[in-house]
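Content type PDB, C-alpha atoms, from the file structure.pdb:
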```
ATOM      1  CA  MET A  10     -13.716  17.371 -26.357
ATOM      2  CA  PRO A  11     -17.374  16.293 -25.949
ATOM      3  CA  GLN A  12     -19.203  18.098 -23.155
ATOM      4  CA  ASN A  13     -19.657  14.949 -21.101
ATOM      5  CA  LEU A  14     -16.007  13.997 -20.863
ATOM      6  CA  PRO A  15     -13.878  15.211 -17.981
ATOM      7  CA  ALA A  16     -10.392  16.662 -18.392
ATOM      8  CA  TRP A  17      -7.598  14.519 -16.948
ATOM      9  CA  ARG A  18      -4.894  15.951 -14.748
ATOM     10  CA  ASP A  19      -2.030  13.999 -13.188
ATOM     11  CA  VAL A  20       0.122  16.845 -11.863
ATOM     12  CA  LEU A  21      -0.761  17.725  -8.286
ATOM     13  CA  LEU A  22      -1.574  21.180  -6.975
ATOM     14  CA  PRO A  23      -1.545  22.283  -3.324
ATOM     15  CA  LYS A  24      -5.327  22.786  -3.463
ATOM     16  CA  ASP A  25      -5.815  19.060  -4.111
ATOM     17  CA  ALA A  26      -5.504  18.156  -0.417
ATOM     18  CA  GLU A  27      -8.613  20.152   0.411
ATOM     19  CA  SER A  28     -10.455  19.134  -2.770
ATOM     20  CA  VAL A  29      -9.840  15.470  -1.958
ATOM     21  CA  ARG A  30     -11.007  15.972   1.629
ATOM     22  CA  ARG A  31     -14.207  17.647   0.407
ATOM     23  CA  LEU A  32     -14.839  14.901  -2.154
ATOM     24  CA  CYS A  33     -14.297  12.055   0.337
ATOM     25  CA  ARG A  34     -16.429  13.719   2.989
ATOM     26  CA  ALA A  35     -19.267  14.401   0.544
ATOM     27  CA  ALA A  36     -19.109  10.835  -0.783
ATOM     28  CA  GLY A  37     -20.416   9.766   2.623
ATOM     29  CA  ASN A  38     -18.950   6.265   2.713
ATOM     30  CA  PHE A  39     -15.514   7.026   4.179
ATOM     31  CA  THR A  40     -14.683   6.978   7.874
ATOM     32  CA  PRO A  41     -12.730   9.952   9.294
ATOM     33  CA  ALA A  42      -9.641   7.678   9.408
ATOM     34  CA  GLU A  43     -10.067   6.767   5.743
ATOM     35  CA  GLU A  44     -10.521  10.446   4.869
ATOM     36  CA  GLU A  45      -7.233  11.196   6.656
ATOM     37  CA  VAL A  46      -5.459   8.456   4.675
ATOM     38  CA  ALA A  47      -6.826   9.870   1.403
ATOM     39  CA  VAL A  48      -5.505  13.338   2.257
ATOM     40  CA  GLU A  49      -2.205  11.902   3.507
ATOM     41  CA  LEU A  50      -1.572  10.247   0.130
ATOM     42  CA  VAL A  51      -1.984  13.670  -1.520
ATOM     43  CA  SER A  52       0.368  15.289   1.019
ATOM     44  CA  GLU A  53       2.975  12.565   0.501
ATOM     45  CA  ARG A  54       2.826  13.056  -3.247
ATOM     46  CA  LEU A  55       3.055  16.858  -2.929
ATOM     47  CA  ALA A  56       6.068  16.506  -0.620
ATOM     48  CA  LYS A  57       7.979  13.785  -2.468
ATOM     49  CA  GLY A  58       6.732  13.798  -6.056
ATOM     50  CA  LEU A  59       6.648  10.446  -7.839
ATOM     51  CA  ALA A  60       9.208   9.109  -5.332
ATOM     52  CA  SER A  61       6.198   8.857  -3.008
ATOM     53  CA  GLY A  62       5.015   5.956  -5.145
ATOM     54  CA  TYR A  63       1.602   7.603  -5.515
ATOM     55  CA  HIS A  64       0.228   8.381  -8.955
ATOM     56  CA  PHE A  65      -2.924  10.476  -9.190
ATOM     57  CA  LEU A  66      -5.515  10.904 -11.894
ATOM     58  CA  PHE A  67      -7.948  13.758 -11.405
ATOM     59  CA  ALA A  68     -11.124  14.104 -13.473
ATOM     60  CA  GLU A  69     -12.106  17.761 -13.706
ATOM     61  CA  LYS A  70     -14.763  19.875 -15.382
ATOM     62  CA  ASP A  71     -14.244  23.640 -15.423
ATOM     63  CA  ASP A  72     -11.550  23.188 -12.746
ATOM     64  CA  PHE A  73     -14.020  21.420 -10.457
ATOM     65  CA  LEU A  74     -12.840  18.020  -9.142
ATOM     66  CA  GLN A  75     -15.416  15.412 -10.174
ATOM     67  CA  GLY A  76     -13.481  12.349  -9.061
ATOM     68  CA  TYR A  77     -10.041  10.848  -8.885
ATOM     69  CA  ALA A  78      -7.975   7.707  -8.527
ATOM     70  CA  CYS A  79      -4.711   7.111  -6.683
ATOM     71  CA  PHE A  80      -2.531   4.171  -7.645
ATOM     72  CA  GLY A  81       1.093   3.111  -7.676
ATOM     73  CA  PRO A  82       3.628   0.355  -8.187
ATOM     74  CA  ILE A  83       3.993  -2.090  -5.285
ATOM     75  CA  ALA A  84       7.554  -1.963  -3.932
ATOM     76  CA  CYS A  85       9.675  -5.063  -4.501
ATOM     77  CA  THR A  86       7.361  -6.446  -7.193
ATOM     78  CA  LEU A  87       8.105  -6.630 -10.901
ATOM     79  CA  HIS A  88       4.838  -5.334 -12.325
ATOM     80  CA  SER A  89       2.160  -5.380  -9.630
ATOM     81  CA  TRP A  90       0.353  -2.135  -8.869
ATOM     82  CA  ASP A  91      -2.169  -1.134  -6.235
ATOM     83  CA  LEU A  92      -5.265   0.950  -6.807
ATOM     84  CA  TYR A  93      -5.271   2.752  -3.485
ATOM     85  CA  TRP A  94      -8.257   4.980  -3.895
ATOM     86  CA  ILE A  95     -11.034   5.872  -6.301
ATOM     87  CA  VAL A  96     -13.758   8.396  -5.511
ATOM     88  CA  VAL A  97     -16.505  10.046  -7.537
ATOM     89  CA  ASP A  98     -18.418  13.145  -6.493
ATOM     90  CA  LYS A  99     -21.631  12.129  -4.720
ATOM     91  CA  ALA A 100     -23.802  14.151  -7.108
ATOM     92  CA  LEU A 101     -22.222  12.512 -10.159
ATOM     93  CA  GLN A 102     -22.335   8.869  -9.084
ATOM     94  CA  GLY A 103     -24.170   6.321 -11.237
ATOM     95  CA  ARG A 104     -23.313   7.985 -14.551
ATOM     96  CA  GLY A 105     -20.253   5.978 -15.528
ATOM     97  CA  LEU A 106     -17.637   8.470 -14.346
ATOM     98  CA  GLY A 107     -16.072   5.915 -11.979
ATOM     99  CA  ARG A 108     -15.705   3.459 -14.856
ATOM    100  CA  ARG A 109     -14.078   6.142 -17.000
ATOM    101  CA  ILE A 110     -11.641   7.098 -14.278
ATOM    102  CA  LEU A 111     -10.791   3.458 -13.598
ATOM    103  CA  ALA A 112     -10.312   2.656 -17.304
ATOM    104  CA  GLU A 113      -8.004   5.659 -17.741
ATOM    105  CA  ALA A 114      -6.058   4.717 -14.600
ATOM    106  CA  GLU A 115      -5.654   1.155 -15.922
ATOM    107  CA  ARG A 116      -4.434   2.512 -19.248
ATOM    108  CA  ARG A 117      -1.800   4.588 -17.467
ATOM    109  CA  VAL A 118      -0.739   1.713 -15.206
ATOM    110  CA  ALA A 119      -0.320  -0.554 -18.240
ATOM    111  CA  ALA A 120       1.590   2.164 -20.133
ATOM    112  CA  ALA A 121       3.961   2.417 -17.152
ATOM    113  CA  GLY A 122       4.585  -1.340 -17.252
ATOM    114  CA  GLY A 123       2.045  -2.470 -14.678
ATOM    115  CA  GLN A 124       0.515  -5.835 -15.535
ATOM    116  CA  ARG A 125      -1.439  -6.701 -12.400
ATOM    117  CA  LEU A 126      -3.655  -4.161 -10.671
ATOM    118  CA  TYR A 127      -4.808  -5.037  -7.160
ATOM    119  CA  VAL A 128      -7.536  -3.334  -5.194
ATOM    120  CA  GLU A 129      -8.755  -4.077  -1.708
ATOM    121  CA  THR A 130     -12.178  -3.527  -0.217
ATOM    122  CA  SER A 131     -14.395  -4.696   2.594
ATOM    123  CA  ALA A 132     -16.728  -7.693   2.483
ATOM    124  CA  LYS A 133     -19.371  -5.812   4.483
ATOM    125  CA  ASP A 134     -22.858  -5.315   3.050
ATOM    126  CA  GLN A 135     -22.396  -1.572   2.672
ATOM    127  CA  TYR A 136     -19.557  -2.187   0.218
ATOM    128  CA  GLU A 137     -21.648  -4.411  -2.042
ATOM    129  CA  PRO A 138     -21.985  -1.613  -4.671
ATOM    130  CA  THR A 139     -18.196  -1.123  -4.522
ATOM    131  CA  ARG A 140     -17.532  -4.806  -5.058
ATOM    132  CA  ARG A 141     -20.067  -4.971  -7.894
ATOM    133  CA  PHE A 142     -18.374  -1.955  -9.495
ATOM    134  CA  TYR A 143     -14.991  -3.703  -9.510
ATOM    135  CA  GLU A 144     -16.498  -6.969 -10.734
ATOM    136  CA  GLN A 145     -18.281  -5.199 -13.587
ATOM    137  CA  CYS A 146     -14.972  -3.538 -14.463
ATOM    138  CA  GLY A 147     -13.284  -6.917 -14.881
ATOM    139  CA  TYR A 148     -11.764  -7.477 -11.438
ATOM    140  CA  ARG A 149     -11.900 -10.932  -9.923
ATOM    141  CA  LYS A 150     -11.583 -11.938  -6.303
ATOM    142  CA  GLU A 151      -8.045 -13.111  -5.629
ATOM    143  CA  ALA A 152      -8.121 -13.606  -1.856
ATOM    144  CA  GLU A 153     -10.193 -12.951   1.252
ATOM    145  CA  LEU A 154      -8.811 -12.203   4.713
ATOM    146  CA  PRO A 155     -11.471 -12.775   7.399
ATOM    147  CA  HIS A 156     -11.751 -10.256  10.270
ATOM    148  CA  PHE A 157      -9.040  -8.089   8.690
ATOM    149  CA  TYR A 158     -10.649  -4.673   9.171
ATOM    150  CA  ALA A 159     -12.540  -5.643  12.319
ATOM    151  CA  PRO A 160     -14.343  -8.711  13.695
ATOM    152  CA  HIS A 161     -16.590 -10.037  10.908
ATOM    153  CA  ASP A 162     -15.290  -7.401   8.497
ATOM    154  CA  ALA A 163     -13.125  -9.227   5.970
ATOM    155  CA  LYS A 164     -10.797  -7.730   3.394
ATOM    156  CA  ILE A 165     -11.303  -8.853  -0.185
ATOM    157  CA  ILE A 166      -8.400  -8.489  -2.593
ATOM    158  CA  TYR A 167      -9.421  -8.052  -6.208
ATOM    159  CA  LEU A 168      -7.135  -8.356  -9.209
ATOM    160  CA  LYS A 169      -7.301  -7.326 -12.839
ATOM    161  CA  ILE A 170      -4.675  -8.567 -15.281
ATOM    162  CA  LEU A 171      -3.617  -5.680 -17.501
ATOM    163  CA  ALA A 172      -0.946  -7.512 -19.487
ATOM    164  CA  GLY A 173      -1.087  -6.655 -23.151
ATOM    165  CA  LYS A 174      -2.955  -3.396 -22.640
ATOM    166  CA  GLY A 175       0.213  -1.294 -22.413
TER     167      GLY A 175
ATOM    168  CA  MET B   8      20.633 -10.123  32.491
ATOM    169  CA  PRO B   9      21.964 -13.509  31.323
ATOM    170  CA  GLN B  10      24.868 -13.260  28.877
ATOM    171  CA  ASN B  11      22.904 -14.808  26.029
ATOM    172  CA  LEU B  12      20.015 -12.361  26.046
ATOM    173  CA  PRO B  13      20.062  -9.241  23.883
ATOM    174  CA  ALA B  14      19.072  -5.811  25.135
ATOM    175  CA  TRP B  15      15.928  -4.387  23.585
ATOM    176  CA  ARG B  16      15.721  -0.879  22.228
ATOM    177  CA  ASP B  17      12.672   0.722  20.601
ATOM    178  CA  VAL B  18      13.816   4.343  20.391
ATOM    179  CA  LEU B  19      15.544   5.070  17.086
ATOM    180  CA  LEU B  20      18.936   6.680  16.647
ATOM    181  CA  PRO B  21      20.277   8.292  13.459
ATOM    182  CA  LYS B  22      22.918   5.537  13.230
ATOM    183  CA  ASP B  23      20.180   2.932  12.774
ATOM    184  CA  ALA B  24      19.778   3.675   9.062
ATOM    185  CA  GLU B  25      23.329   2.529   8.382
ATOM    186  CA  SER B  26      23.195  -0.350  10.886
ATOM    187  CA  VAL B  27      20.044  -1.658   9.216
ATOM    188  CA  ARG B  28      21.631  -1.353   5.775
ATOM    189  CA  ARG B  29      24.692  -3.281   6.953
ATOM    190  CA  LEU B  30      22.563  -5.972   8.578
ATOM    191  CA  CYS B  31      20.331  -6.462   5.517
ATOM    192  CA  ARG B  32      23.287  -6.525   3.132
ATOM    193  CA  ALA B  33      25.173  -9.039   5.268
ATOM    194  CA  ALA B  34      22.092 -11.252   5.601
ATOM    195  CA  GLY B  35      22.464 -11.943   1.884
ATOM    196  CA  ASN B  36      18.853 -12.707   1.078
ATOM    197  CA  PHE B  37      17.614  -9.184   0.340
ATOM    198  CA  THR B  38      17.588  -7.569  -3.082
ATOM    199  CA  PRO B  39      18.956  -4.008  -3.396
ATOM    200  CA  ALA B  40      15.332  -2.784  -3.701
ATOM    201  CA  GLU B  41      14.371  -4.594  -0.493
ATOM    202  CA  GLU B  42      17.420  -3.167   1.268
ATOM    203  CA  GLU B  43      16.279   0.321   0.211
ATOM    204  CA  VAL B  44      12.800  -0.302   1.605
ATOM    205  CA  ALA B  45      14.283  -1.473   4.919
ATOM    206  CA  VAL B  46      16.357   1.713   5.208
ATOM    207  CA  GLU B  47      13.412   3.862   4.084
ATOM    208  CA  LEU B  48      11.271   2.549   6.943
ATOM    209  CA  VAL B  49      13.991   3.657   9.379
ATOM    210  CA  SER B  50      14.201   7.085   7.699
ATOM    211  CA  GLU B  51      10.432   7.518   7.828
ATOM    212  CA  ARG B  52      10.401   6.667  11.524
ATOM    213  CA  LEU B  53      13.302   9.018  12.244
ATOM    214  CA  ALA B  54      11.531  11.831  10.355
ATOM    215  CA  LYS B  55       7.998  11.359  11.660
ATOM    216  CA  GLY B  56       8.258   9.424  14.915
ATOM    217  CA  LEU B  57       5.426   7.024  15.719
ATOM    218  CA  ALA B  58       3.188   8.970  13.324
ATOM    219  CA  SER B  59       5.098   7.080  10.635
ATOM    220  CA  GLY B  60       3.219   3.977  11.748
ATOM    221  CA  TYR B  61       6.509   2.088  12.063
ATOM    222  CA  HIS B  62       7.470   0.520  15.371
ATOM    223  CA  PHE B  63      10.977  -0.892  15.727
ATOM    224  CA  LEU B  64      12.503  -3.407  18.066
ATOM    225  CA  PHE B  65      16.273  -3.629  18.029
ATOM    226  CA  ALA B  66      18.178  -6.491  19.669
ATOM    227  CA  GLU B  67      21.625  -5.306  20.721
ATOM    228  CA  LYS B  68      24.641  -6.677  22.523
ATOM    229  CA  ASP B  69      27.305  -4.206  23.642
ATOM    230  CA  ASP B  70      25.696  -1.613  21.336
ATOM    231  CA  PHE B  71      26.094  -3.932  18.326
ATOM    232  CA  LEU B  72      22.891  -4.523  16.341
ATOM    233  CA  GLN B  73      22.213  -8.269  16.285
ATOM    234  CA  GLY B  74      18.798  -8.140  14.664
ATOM    235  CA  TYR B  75      15.565  -6.203  14.570
ATOM    236  CA  ALA B  76      11.918  -6.213  13.660
ATOM    237  CA  CYS B  77       9.737  -3.469  12.182
ATOM    238  CA  PHE B  78       5.981  -3.642  12.617
ATOM    239  CA  GLY B  79       2.982  -1.357  12.859
ATOM    240  CA  PRO B  80      -0.798  -1.016  12.956
ATOM    241  CA  ILE B  81      -2.552  -1.312   9.583
ATOM    242  CA  ALA B  82      -4.393   1.925   8.805
ATOM    243  CA  CYS B  83      -8.190   1.742   8.824
ATOM    244  CA  THR B  84      -8.262  -1.564  10.693
ATOM    245  CA  LEU B  85      -9.383  -2.064  14.292
ATOM    246  CA  HIS B  86      -6.581  -4.323  15.543
ATOM    247  CA  SER B  87      -4.646  -5.738  12.601
ATOM    248  CA  TRP B  88      -0.898  -5.160  12.488
ATOM    249  CA  ASP B  89       1.770  -5.904   9.905
ATOM    250  CA  LEU B  90       5.176  -7.359  10.590
ATOM    251  CA  TYR B  91       7.068  -5.468   7.892
ATOM    252  CA  TRP B  92      10.554  -6.717   8.487
ATOM    253  CA  ILE B  93      12.595  -9.059  10.637
ATOM    254  CA  VAL B  94      16.314  -9.612  10.194
ATOM    255  CA  VAL B  95      18.997 -11.404  12.184
ATOM    256  CA  ASP B  96      22.734 -10.915  11.758
ATOM    257  CA  LYS B  97      24.084 -13.525   9.367
ATOM    258  CA  ALA B  98      26.660 -14.774  11.898
ATOM    259  CA  LEU B  99      24.001 -15.253  14.587
ATOM    260  CA  GLN B 100      21.347 -17.068  12.565
ATOM    261  CA  GLY B 101      20.131 -20.489  13.700
ATOM    262  CA  ARG B 102      20.475 -19.771  17.414
ATOM    263  CA  GLY B 103      16.937 -18.729  18.213
ATOM    264  CA  LEU B 104      17.494 -14.975  18.111
ATOM    265  CA  GLY B 105      14.860 -14.514  15.389
ATOM    266  CA  ARG B 106      12.305 -16.350  17.514
ATOM    267  CA  ARG B 107      13.176 -14.162  20.503
ATOM    268  CA  ILE B 108      12.825 -10.977  18.485
ATOM    269  CA  LEU B 109       9.533 -12.135  16.975
ATOM    270  CA  ALA B 110       8.117 -13.180  20.367
ATOM    271  CA  GLU B 111       9.058  -9.828  21.914
ATOM    272  CA  ALA B 112       7.575  -7.980  18.913
ATOM    273  CA  GLU B 113       4.337  -9.975  19.278
ATOM    274  CA  ARG B 114       4.229  -9.152  23.004
ATOM    275  CA  ARG B 115       4.529  -5.452  22.189
ATOM    276  CA  VAL B 116       1.939  -5.582  19.413
ATOM    277  CA  ALA B 117      -0.518  -7.320  21.762
ATOM    278  CA  ALA B 118       0.221  -4.826  24.554
ATOM    279  CA  ALA B 119      -0.586  -2.015  22.091
ATOM    280  CA  GLY B 120      -3.950  -3.615  21.292
ATOM    281  CA  GLY B 121      -2.960  -5.577  18.184
ATOM    282  CA  GLN B 122      -4.825  -8.861  17.904
ATOM    283  CA  ARG B 123      -3.923 -10.047  14.412
ATOM    284  CA  LEU B 124      -0.354  -9.933  13.130
ATOM    285  CA  TYR B 125       0.127 -10.387   9.391
ATOM    286  CA  VAL B 126       3.379 -11.084   7.602
ATOM    287  CA  GLU B 127       4.003 -11.516   3.900
ATOM    288  CA  THR B 128       6.668 -13.534   2.165
ATOM    289  CA  SER B 129       7.457 -15.171  -1.131
ATOM    290  CA  ALA B 130       6.458 -18.708  -2.129
ATOM    291  CA  LYS B 131       9.802 -19.217  -3.901
ATOM    292  CA  ASP B 132      12.082 -22.068  -2.875
ATOM    293  CA  GLN B 133      14.725 -19.745  -1.476
ATOM    294  CA  TYR B 134      12.207 -18.490   1.115
ATOM    295  CA  GLU B 135      11.388 -21.969   2.384
ATOM    296  CA  PRO B 136      13.443 -21.392   5.588
ATOM    297  CA  THR B 137      11.589 -18.087   6.098
ATOM    298  CA  ARG B 138       8.205 -19.756   5.724
ATOM    299  CA  ARG B 139       9.222 -22.601   8.050
ATOM    300  CA  PHE B 140      10.357 -20.010  10.597
ATOM    301  CA  TYR B 141       6.952 -18.307  10.604
ATOM    302  CA  GLU B 142       5.102 -21.622  10.699
ATOM    303  CA  GLN B 143       7.175 -22.811  13.655
ATOM    304  CA  CYS B 144       6.399 -19.524  15.378
ATOM    305  CA  GLY B 145       2.671 -20.169  15.095
ATOM    306  CA  TYR B 146       1.784 -18.373  11.875
ATOM    307  CA  ARG B 147      -0.663 -19.984   9.495
ATOM    308  CA  LYS B 148      -1.152 -19.317   5.821
ATOM    309  CA  GLU B 149      -4.103 -16.985   5.350
ATOM    310  CA  ALA B 150      -3.937 -16.323   1.602
ATOM    311  CA  GLU B 151      -1.758 -16.766  -1.469
ATOM    312  CA  LEU B 152      -1.513 -14.342  -4.399
ATOM    313  CA  PRO B 153      -0.021 -16.046  -7.470
ATOM    314  CA  HIS B 154       2.511 -14.108  -9.581
ATOM    315  CA  PHE B 155       2.394 -11.194  -7.130
ATOM    316  CA  TYR B 156       6.125 -10.448  -6.891
ATOM    317  CA  ALA B 157       6.922 -11.630 -10.411
ATOM    318  CA  PRO B 158       5.754 -14.377 -12.791
ATOM    319  CA  HIS B 159       5.680 -17.642 -10.786
ATOM    320  CA  ASP B 160       6.662 -15.791  -7.606
ATOM    321  CA  ALA B 161       3.574 -15.777  -5.381
ATOM    322  CA  LYS B 162       3.014 -13.800  -2.207
ATOM    323  CA  ILE B 163       1.946 -15.755   0.847
ATOM    324  CA  ILE B 164       0.171 -13.904   3.630
ATOM    325  CA  TYR B 165       0.631 -15.456   7.058
ATOM    326  CA  LEU B 166      -1.388 -14.610  10.150
ATOM    327  CA  LYS B 167      -0.970 -15.131  13.861
ATOM    328  CA  ILE B 168      -3.856 -14.390  16.210
ATOM    329  CA  LEU B 169      -2.497 -12.563  19.250
ATOM    330  CA  ALA B 170      -5.825 -11.994  21.025
ATOM    331  CA  GLY B 171      -5.551 -12.627  24.736
ATOM    332  CA  LYS B 172      -1.791 -12.148  24.859
ATOM    333  CA  GLY B 173      -2.016  -8.418  25.602
TER     334      GLY B 173
END
```
Go ahead and express the file in the form of structure tokens.
Amino acid sequence: MPQNLPAWRDVLLPKDAESVRRLCRAAGNFTPAEEEVAVELVSERLAKGLASGYHFLFAEKDDFLQGYACFGPIACTLHSWDLYWIVVDKALQGRGLGRRILAEAERRVAAAGGQRLYVETSAKDQYEPTRRFYEQCGYRKEAELPHFYAPHDAKIIYLKILAGKG
Amino acid sequence: MPQNLPAWRDVLLPKDAESVRRLCRAAGNFTPAEEEVAVELVSERLAKGLASGYHFLFAEKDDFLQGYACFGPIACTLHSWDLYWIVVDKALQGRGLGRRILAEAERRVAAAGGQRLYVETSAKDQYEPTRRFYEQCGYRKEAELPHFYAPHDAKIIYLKILAGKG
């Protein structure tokens, strides 16, 4: 494996709860409530396995967590999935690792039968890099819900069609 | 209390899992997967209490479950709530019980600080009565996600602003 590629891991370990907390906190753009949700998804998965509905993809180098994605099938849909979370280590941002993690997550969603991958983010200025990231990765805006997160903080729902990639 | 008004209950009992399953099955318009989700929300609430994020409102008459709603605050939002579920006993439909349950649920959401109540449903023909019900109760269409549930089965997101009702 080339030096610059991370190793993928999709089986969870108890240490992941703390690794994910550290990663989210260091990333700097998550609120304490969002950090709690990120850790809660890990705890749910550790407690319930895949029945939790949460799939994880960890990118590691020498056992150090560089970034990860959390995604899963949306209940009561035929082949719609949600990308719940994607985070890259602060020190490694801007080098394409997020794109690699997202592409690998999409590949796994498609292989599992997912054809539509949704992701939600805020319309606020501070999330402009996040939105640009999704747009550059082939996501298009599917809907916008004004004042969803807070007054004047809309939710944007992005979608990427994965059909045919499985 | 007038004879035609149900008694409200918001504390869950272990028997509710089976009562909810019976109610959903008898209603006839839920798939087995949807029925499982309905029961799972009850189980989550029984296991975790309000930390589950699921609030319930049961309408009962002589200890018989006539209908119920399940709703809760949306994580990482300031005052947006989701109405996850609302069901009325098949034999009692068309008599205004659903409206009563929804109005009481809205009152409780507003009292808890919720200002925006979202509810999602399908755009398919068979859900036309459901959509009309929400529209008559003051919900307006906020967004539509084509092919969300399945090919040619869109999700419609409705919203009711509750601000000022608390």
Rank B:Ile164, B:Ala66, B:Leu53, B:Leu169 by their smallest atom-to-atom distance to chain A, using all atoms listed in the file, and report the top residue only. B:Ile164
Take atom CA of Ala14 of chain B and atom CA of Ala45 of chain B and report the distance between them in Å, one decimal. 21.2 Å
Which residues of chain B come within 10 Å of chain A, and for each one, what is the closest pair of atoms and their distance in Å to one decimal, counting all atoms listed in the file, sorted by chain and residue number, as JSON lines?
```
{"residue": "B:Thr38", "atom": "CA", "partner": "A:Cys85", "partner_atom": "CA", "distance": 8.4}
{"residue": "B:Pro39", "atom": "CA", "partner": "A:Cys85", "partner_atom": "CA", "distance": 9.4}
{"residue": "B:Ala40", "atom": "CA", "partner": "A:Cys85", "partner_atom": "CA", "distance": 6.2}
{"residue": "B:Glu41", "atom": "CA", "partner": "A:Cys85", "partner_atom": "CA", "distance": 6.2}
{"residue": "B:Glu42", "atom": "CA", "partner": "A:Cys85", "partner_atom": "CA", "distance": 9.8}
{"residue": "B:Glu43", "atom": "CA", "partner": "A:Cys85", "partner_atom": "CA", "distance": 9.7}
{"residue": "B:Val44", "atom": "CA", "partner": "A:Ala84", "partner_atom": "CA", "distance": 7.8}
{"residue": "B:Ile81", "atom": "CA", "partner": "A:Tyr158", "partner_atom": "CA", "distance": 8.8}
{"residue": "B:Ala82", "atom": "CA", "partner": "A:Val46", "partner_atom": "CA", "distance": 7.8}
{"residue": "B:Cys83", "atom": "CA", "partner": "A:Ala42", "partner_atom": "CA", "distance": 6.1}
{"residue": "B:Thr84", "atom": "CA", "partner": "A:Tyr158", "partner_atom": "CA", "distance": 4.2}
{"residue": "B:Leu85", "atom": "CA", "partner": "A:Ala159", "partner_atom": "CA", "distance": 5.2}
{"residue": "B:His86", "atom": "CA", "partner": "A:Ala159", "partner_atom": "CA", "distance": 6.9}
{"residue": "B:Ser87", "atom": "CA", "partner": "A:Phe157", "partner_atom": "CA", "distance": 6.3}
{"residue": "B:Trp88", "atom": "CA", "partner": "A:Phe157", "partner_atom": "CA", "distance": 9.4}
{"residue": "B:Arg123", "atom": "CA", "partner": "A:Phe157", "partner_atom": "CA", "distance": 7.9}
{"residue": "B:Leu124", "atom": "CA", "partner": "A:Phe157", "partner_atom": "CA", "distance": 9.9}
{"residue": "B:Tyr125", "atom": "CA", "partner": "A:Phe157", "partner_atom": "CA", "distance": 9.5}
{"residue": "B:Glu149", "atom": "CA", "partner": "A:Leu154", "partner_atom": "CA", "distance": 6.7}
{"residue": "B:Ala150", "atom": "CA", "partner": "A:Ala152", "partner_atom": "CA", "distance": 6.1}
{"residue": "B:Glu151", "atom": "CA", "partner": "A:Ala152", "partner_atom": "CA", "distance": 7.1}
{"residue": "B:Leu152", "atom": "CA", "partner": "A:Glu151", "partner_atom": "CA", "distance": 6.8}
{"residue": "B:Pro153", "atom": "CA", "partner": "A:Glu151", "partner_atom": "CA", "distance": 8.7}
{"residue": "B:His154", "atom": "CA", "partner": "A:Ser89", "partner_atom": "CA", "distance": 8.7}
{"residue": "B:Phe155", "atom": "CA", "partner": "A:Ser89", "partner_atom": "CA", "distance": 6.3}
{"residue": "B:Tyr156", "atom": "CA", "partner": "A:Thr86", "partner_atom": "CA", "distance": 4.2}
{"residue": "B:Ala157", "atom": "CA", "partner": "A:Leu87", "partner_atom": "CA", "distance": 5.2}
{"residue": "B:Pro158", "atom": "CA", "partner": "A:Leu87", "partner_atom": "CA", "distance": 8.3}
{"residue": "B:Asp160", "atom": "CA", "partner": "A:Thr86", "partner_atom": "CA", "distance": 9.4}
{"residue": "B:Lys162", "atom": "CA", "partner": "A:Thr86", "partner_atom": "CA", "distance": 9.9}
{"residue": "B:Ile164", "atom": "CA", "partner": "A:Leu154", "partner_atom": "CA", "distance": 9.2}
{"residue": "B:Leu166", "atom": "CA", "partner": "A:Leu154", "partner_atom": "CA", "distance": 9.5}
```
Skipping near chain neighbours, those fewer than 6 positions away, what residues fall within 7 Å of Tyr165 of chain B using all atoms listed in the file, listed as a list in words?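 Residues near the query, excluding close chain neighbours: Tyr125, Val126, Glu127, Tyr146, Arg147, Lys148 and Glu149 of chain B.
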Using only C-alpha atoms, find the one residue out of B:Tyr141, B:Gly105, B:Asp96, B:Tyr75 that sits nearest to Thr128 of chain B.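 Going through B:Tyr141, B:Gly105, B:Asp96, B:Tyr75 one by one, the smallest distance to Thr128 of chain B is for B:Tyr141.
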Scan for residues within 6 Å of the point (12.9, -3.3, 16.4) in the coordinates of the file, using all atoms listed in the file, and reply as a short mmCIF file (atom, residue, chain, number, x, y, z; two decimals) with C-alpha atoms, in the frame of the given file.
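The result, stored in selection_33.cif:
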```cif
data_model
loop_
_atom_site.label_atom_id
_atom_site.label_comp_id
_atom_site.auth_asym_id
_atom_site.auth_seq_id
_atom_site.Cartn_x
_atom_site.Cartn_y
_atom_site.Cartn_z
CA ASP B 17 12.67 0.72 20.60
CA PHE B 63 10.98 -0.89 15.73
CA LEU B 64 12.50 -3.41 18.07
CA PHE B 65 16.27 -3.63 18.03
CA TYR B 75 15.56 -6.20 14.57
CA ALA B 76 11.92 -6.21 13.66
CA CYS B 77 9.74 -3.47 12.18
#
```
For the structure shown, which residues end up in the PyMOL selection byres ((chain A and resi 15) around 12)? Put them as a list in words, please? Met10, Pro11, Gln12, Asn13, Leu14, Ala16, Trp17, Arg18, Leu66, Phe67, Ala68, Glu69, Lys70, Asp71, Asp72, Phe73, Leu74, Gln75, Gly76, Tyr77, Val97, Leu101, Gly105, Leu106, Gly107, Arg109, Ile110 and Glu113 of chain A
Mind giving me the axis-aligned box for segment 51-59 of chain A with 4 Å on every side, centre plus edges in Å to one decimal, as lines of an AutoDock Vina configuration file?
```
center_x = 3.0
center_y = 13.7
center_z = -3.4
size_x = 18.0
size_y = 14.4
size_z = 16.9
```
Could you tell me which residues the PyMOL selection byres ((chain B and resi 92) around 7) returns for this structure, as a PDB file with C-alpha atoms, keeping the file's coordinate frame?
```pdb
ATOM      1  CA  ALA B  76      11.918  -6.213  13.660  1.00  0.00           C
ATOM      2  CA  CYS B  77       9.737  -3.469  12.182  1.00  0.00           C
ATOM      3  CA  PHE B  78       5.981  -3.642  12.617  1.00  0.00           C
ATOM      4  CA  LEU B  90       5.176  -7.359  10.590  1.00  0.00           C
ATOM      5  CA  TYR B  91       7.068  -5.468   7.892  1.00  0.00           C
ATOM      6  CA  ILE B  93      12.595  -9.059  10.637  1.00  0.00           C
ATOM      7  CA  VAL B  94      16.314  -9.612  10.194  1.00  0.00           C
TER       8      VAL B  94
END
```
